[in-house]
file protein_26.json (JSON, C-alpha atoms)
[["chain", "number", "residue", "atom", "x", "y", "z"],
["P", 1432, "MET", "CA", -0.69, -14.13, 62.54],
["P", 1433, "LEU", "CA", 2.67, -12.48, 63.12],
["P", 1434, "GLU", "CA", 5.12, -12.65, 60.26],
["P", 1435, "THR", "CA", 8.81, -11.95, 60.24],
["P", 1436, "GLU", "CA", 11.06, -10.09, 57.84],
["P", 1437, "PRO", "CA", 14.32, -11.81, 56.85],
["P", 1438, "LEU", "CA", 17.46, -9.90, 57.71],
["P", 1439, "ASN", "CA", 18.43, -9.56, 54.04],
["P", 1440, "GLY", "CA", 15.22, -7.67, 53.22],
["P", 1441, "GLY", "CA", 13.89, -10.46, 50.96],
["P", 1442, "PRO", "CA", 10.29, -11.69, 50.81],
["P", 1443, "ARG", "CA", 8.30, -12.45, 53.97],
["P", 1444, "ALA", "CA", 9.18, -15.79, 55.52],
["P", 1445, "GLY", "CA", 5.59, -16.78, 56.46],
["P", 1446, "PRO", "CA", 4.53, -17.67, 59.99],
["P", 1447, "ALA", "CA", 7.17, -17.47, 62.66],
["P", 1448, "ALA", "CA", 8.36, -20.67, 64.32],
["P", 1449, "LEU", "CA", 7.34, -19.29, 67.73],
["P", 1450, "GLU", "CA", 4.98, -16.39, 68.32],
["P", 1451, "ALA", "CA", 3.68, -14.54, 71.36],
["P", 1452, "HIS", "CA", 1.16, -11.74, 70.95],
["P", 1453, "GLU", "CA", 0.28, -9.44, 73.87],
["P", 1454, "LEU", "CA", 1.07, -12.39, 76.17],
["P", 1455, "THR", "CA", 0.40, -11.82, 79.86],
["P", 1456, "LYS", "CA", 0.73, -14.37, 82.67],
["P", 1457, "ARG", "CA", -0.18, -13.84, 86.32],
["P", 1458, "TYR", "CA", 0.03, -16.82, 88.67],
["P", 1459, "ARG", "CA", -2.14, -15.50, 91.51],
["P", 1460, "ARG", "CA", -5.25, -13.40, 91.21],
["P", 1461, "ARG", "CA", -3.53, -10.23, 92.44],
["P", 1462, "GLY", "CA", 0.05, -11.42, 92.34],
["P", 1463, "PRO", "CA", 2.84, -9.87, 90.30],
["P", 1464, "LEU", "CA", 2.96, -10.42, 86.56],
["P", 1465, "ALA", "CA", 5.27, -13.17, 85.33],
["P", 1466, "LEU", "CA", 4.86, -11.87, 81.75],
["P", 1467, "ALA", "CA", 3.53, -8.42, 80.83],
["P", 1468, "THR", "CA", 2.16, -7.95, 77.29],
["P", 1469, "VAL", "CA", 5.02, -9.78, 75.54],
["P", 1470, "THR", "CA", 4.95, -9.66, 71.75],
["P", 1471, "LEU", "CA", 7.67, -11.67, 70.05],
["P", 1472, "ALA", "CA", 8.19, -13.61, 66.83],
["P", 1473, "VAL", "CA", 11.06, -16.07, 66.46],
["P", 1474, "PRO", "CA", 11.78, -16.77, 62.77],
["P", 1475, "ALA", "CA", 11.93, -20.37, 61.60],
["P", 1476, "GLY", "CA", 15.50, -21.58, 61.28],
["P", 1477, "SER", "CA", 16.91, -18.91, 63.58],
["P", 1478, "VAL", "CA", 18.92, -19.29, 66.76],
["P", 1479, "THR", "CA", 17.45, -17.19, 69.54],
["P", 1480, "GLY", "CA", 18.44, -16.80, 73.18],
["P", 1481, "LEU", "CA", 16.20, -15.66, 76.01],
["P", 1482, "VAL", "CA", 18.39, -13.75, 78.42],
["P", 1483, "GLY", "CA", 17.43, -12.17, 81.72],
["P", 1484, "PRO", "CA", 17.70, -12.44, 85.48],
["P", 1485, "ASN", "CA", 15.93, -15.10, 87.53],
["P", 1486, "GLY", "CA", 12.23, -14.33, 87.68],
["P", 1487, "ALA", "CA", 12.20, -12.39, 84.40],
["P", 1488, "GLY", "CA", 9.71, -14.82, 82.79],
["P", 1489, "LYS", "CA", 11.95, -16.83, 80.45],
["P", 1490, "SER", "CA", 10.79, -20.24, 81.68],
["P", 1491, "THR", "CA", 7.18, -19.07, 81.87],
["P", 1492, "LEU", "CA", 7.34, -18.04, 78.21],
["P", 1493, "LEU", "CA", 8.82, -21.41, 77.21],
["P", 1494, "ARG", "CA", 6.24, -23.35, 79.26],
["P", 1495, "THR", "CA", 3.46, -21.32, 77.65],
["P", 1496, "TRP", "CA", 4.76, -22.17, 74.16],
["P", 1497, "MET", "CA", 4.84, -25.83, 75.21],
["P", 1498, "GLY", "CA", 1.19, -25.63, 76.30],
["P", 1499, "PHE", "CA", 2.08, -26.30, 79.96],
["P", 1500, "GLU", "CA", 0.87, -22.85, 81.06],
["P", 1501, "ARG", "CA", -2.35, -21.09, 80.09],
["P", 1502, "PRO", "CA", -1.92, -17.37, 79.33],
["P", 1503, "THR", "CA", -3.84, -14.94, 81.52],
["P", 1504, "SER", "CA", -4.36, -12.98, 78.30],
["P", 1505, "GLY", "CA", -2.86, -12.85, 74.83],
["P", 1506, "SER", "CA", -1.83, -15.79, 72.69],
["P", 1507, "VAL", "CA", 1.06, -17.99, 71.60],
["P", 1508, "ALA", "CA", 1.58, -20.08, 68.47],
["P", 1509, "ILE", "CA", 3.98, -22.68, 67.11],
["P", 1510, "LEU", "CA", 4.19, -22.39, 63.32],
["P", 1511, "GLY", "CA", 0.78, -20.74, 63.42],
["P", 1512, "ALA", "CA", -0.89, -23.37, 65.68],
["P", 1513, "ASP", "CA", -2.07, -22.85, 69.27],
["P", 1514, "PRO", "CA", -0.21, -25.39, 71.45],
["P", 1515, "ARG", "CA", -3.15, -25.84, 73.85],
["P", 1516, "LEU", "CA", -5.89, -26.16, 71.22],
["P", 1517, "GLU", "CA", -3.90, -28.01, 68.54],
["P", 1518, "ARG", "CA", -1.75, -30.29, 70.71],
["P", 1519, "ALA", "CA", -1.52, -33.07, 68.11],
["P", 1520, "THR", "CA", -0.21, -30.60, 65.53],
["P", 1521, "THR", "CA", 2.34, -28.90, 67.77],
["P", 1522, "ILE", "CA", 3.74, -31.75, 69.91],
["P", 1523, "GLY", "CA", 5.90, -33.17, 67.11],
["P", 1524, "ARG", "CA", 7.34, -29.77, 66.22],
["P", 1525, "LEU", "CA", 9.17, -28.94, 69.43],
["P", 1526, "ALA", "CA", 10.93, -30.29, 72.47],
["P", 1527, "TYR", "CA", 11.48, -28.90, 75.93],
["P", 1528, "LEU", "CA", 14.20, -29.78, 78.40],
["P", 1529, "ALA", "CA", 13.37, -28.41, 81.84],
["P", 1530, "PRO", "CA", 16.07, -26.32, 83.54],
["P", 1531, "SER", "CA", 16.55, -28.92, 86.26],
["P", 1532, "PRO", "CA", 15.53, -32.58, 86.08],
["P", 1533, "ALA", "CA", 12.67, -33.28, 88.45],
["P", 1534, "LEU", "CA", 13.24, -37.02, 88.90],
["P", 1535, "TYR", "CA", 16.74, -38.14, 88.02],
["P", 1536, "PRO", "CA", 19.53, -35.55, 88.26],
["P", 1537, "GLU", "CA", 22.07, -37.91, 86.64],
["P", 1538, "MET", "CA", 19.91, -38.37, 83.53],
["P", 1539, "THR", "CA", 21.21, -36.75, 80.33],
["P", 1540, "VAL", "CA", 19.15, -35.91, 77.24],
["P", 1541, "PRO", "CA", 19.62, -39.27, 75.39],
["P", 1542, "HIS", "CA", 18.57, -41.39, 78.41],
["P", 1543, "PRO", "CA", 14.78, -40.82, 78.30],
["P", 1544, "LEU", "CA", 14.50, -41.16, 74.50],
["P", 1545, "PRO", "CA", 13.62, -44.89, 74.41],
["P", 1546, "SER", "CA", 10.80, -44.42, 76.92],
["P", 1547, "THR", "CA", 9.28, -41.47, 75.03],
["P", 1548, "VAL", "CA", 9.20, -43.07, 71.56],
["P", 1549, "PRO", "CA", 5.72, -44.63, 71.96],
["P", 1550, "TYR", "CA", 4.21, -41.23, 72.86],
["P", 1551, "ARG", "CA", 5.72, -39.06, 70.17],
["P", 1552, "PRO", "CA", 5.81, -38.88, 66.38],
["P", 1553, "PRO", "CA", 8.69, -40.65, 64.61],
["P", 1554, "LEU", "CA", 12.01, -39.98, 66.33],
["P", 1555, "HIS", "CA", 15.10, -39.00, 64.35],
["P", 1556, "ARG", "CA", 17.92, -40.21, 66.63],
["P", 1557, "GLU", "CA", 20.59, -38.35, 64.65],
["P", 1558, "ARG", "CA", 18.78, -35.05, 65.31],
["P", 1559, "ALA", "CA", 18.30, -35.81, 69.01],
["P", 1560, "ALA", "CA", 21.94, -36.66, 69.72]]
call {"tool": "encode", "arguments": {"input": "protein_26.json", "output": "structure tokens"}}
result
Amino acid sequence: MLETEPLNGGPRAGPAALEAHELTKRYRRRGPLALATVTLAVPAGSVTGLVGPNGAGKSTLLRTWMGFERPTSGSVAILGADPRLERATTIGRLAYLAPSPALYPEMTVPHPLPSTVPYRPPLHRERAA
């Protein structure tokens, strides 16, 4: 398990909120790498931005953390849990808003909330707004 050091040099903070260890993703058997041995730990409670040009692997990394993509090699974790193997544990700990809506371009974040409530753990509307 990757652990992070707080900026102030205090005690270890425990497992990172999001972890990637030696993560590699290739979409086609001999195609180019979407991710090449990425190792990253995002501390809990931090604000982190993924910045890079189109095709750099930002969305692939996010989809892998969500459990939507299977790594070619390496691993990812959400608060120490594998999102593909421990779906019930991880699904209530994160949310993902795709870069472009696939179905309804006019839909904003609050619109789909009522339809997702039956499929998710308890919803805190004040946090989602």
call {"tool": "residues_around", "arguments": {"input": "protein_26.json", "residues": "stretch 1480-1494 of chain P", "least_positions_apart": "2", "cutoff": "12 Å", "atoms": "only C-alpha atoms", "output": "PyMOL selection string"}}
result
chain P and resi 1449-1458+1463-1471+1473+1477-1478+1496-1503+1505-1509+1514-1515+1525-1531
call {"tool": "write_last_selection", "arguments": {"input": "protein_26.json", "atoms": "C-alpha atoms", "output": "short mmCIF file (atom, residue, chain, number, x, y, z; two decimals), keeping the file's coordinate frame"}}
result
data_model
loop_
_atom_site.label_atom_id
_atom_site.label_comp_id
_atom_site.auth_asym_id
_atom_site.auth_seq_id
_atom_site.Cartn_x
_atom_site.Cartn_y
_atom_site.Cartn_z
CA LEU P 1449 7.34 -19.29 67.73
CA GLU P 1450 4.98 -16.39 68.32
CA ALA P 1451 3.68 -14.54 71.36
CA HIS P 1452 1.16 -11.74 70.95
CA GLU P 1453 0.28 -9.44 73.87
CA LEU P 1454 1.07 -12.39 76.17
CA THR P 1455 0.40 -11.82 79.86
CA LYS P 1456 0.73 -14.37 82.67
CA ARG P 1457 -0.18 -13.84 86.32
CA TYR P 1458 0.03 -16.82 88.67
CA PRO P 1463 2.84 -9.87 90.30
CA LEU P 1464 2.96 -10.42 86.56
CA ALA P 1465 5.27 -13.17 85.33
CA LEU P 1466 4.86 -11.87 81.75
CA ALA P 1467 3.53 -8.42 80.83
CA THR P 1468 2.16 -7.95 77.29
CA VAL P 1469 5.02 -9.78 75.54
CA THR P 1470 4.95 -9.66 71.75
CA LEU P 1471 7.67 -11.67 70.05
CA VAL P 1473 11.06 -16.07 66.46
CA SER P 1477 16.91 -18.91 63.58
CA VAL P 1478 18.92 -19.29 66.76
CA TRP P 1496 4.76 -22.17 74.16
CA MET P 1497 4.84 -25.83 75.21
CA GLY P 1498 1.19 -25.63 76.30
CA PHE P 1499 2.08 -26.30 79.96
CA GLU P 1500 0.87 -22.85 81.06
CA ARG P 1501 -2.35 -21.09 80.09
CA PRO P 1502 -1.92 -17.37 79.33
CA THR P 1503 -3.84 -14.94 81.52
CA GLY P 1505 -2.86 -12.85 74.83
CA SER P 1506 -1.83 -15.79 72.69
CA VAL P 1507 1.06 -17.99 71.60
CA ALA P 1508 1.58 -20.08 68.47
CA ILE P 1509 3.98 -22.68 67.11
CA PRO P 1514 -0.21 -25.39 71.45
CA ARG P 1515 -3.15 -25.84 73.85
CA LEU P 1525 9.17 -28.94 69.43
CA ALA P 1526 10.93 -30.29 72.47
CA TYR P 1527 11.48 -28.90 75.93
CA LEU P 1528 14.20 -29.78 78.40
CA ALA P 1529 13.37 -28.41 81.84
CA PRO P 1530 16.07 -26.32 83.54
CA SER P 1531 16.55 -28.92 86.26
#
call {"tool": "atom_distance", "arguments": {"input": "protein_26.json", "atom1": "atom CA of P:Ala1447", "atom2": "atom CA of P:Thr1479"}}
result
12.4 Å
call {"tool": "atom_distance", "arguments": {"input": "protein_26.json", "atom1": "atom CA of P:Gly1523", "atom2": "atom CA of P:Leu1510"}}
result
11.6 Å
call {"tool": "atom_distance", "arguments": {"input": "protein_26.json", "atom1": "atom CA of P:Ala1519", "atom2": "atom CA of P:Ser1504"}}
result
22.7 Å
call {"tool": "closest_residue", "arguments": {"input": "protein_26.json", "among": "P:Arg1459, P:Thr1495, P:Glu1517, P:Gly1511", "to": "P:Ala1472", "atoms": "all atoms listed in the file"}}
result
P:Gly1511
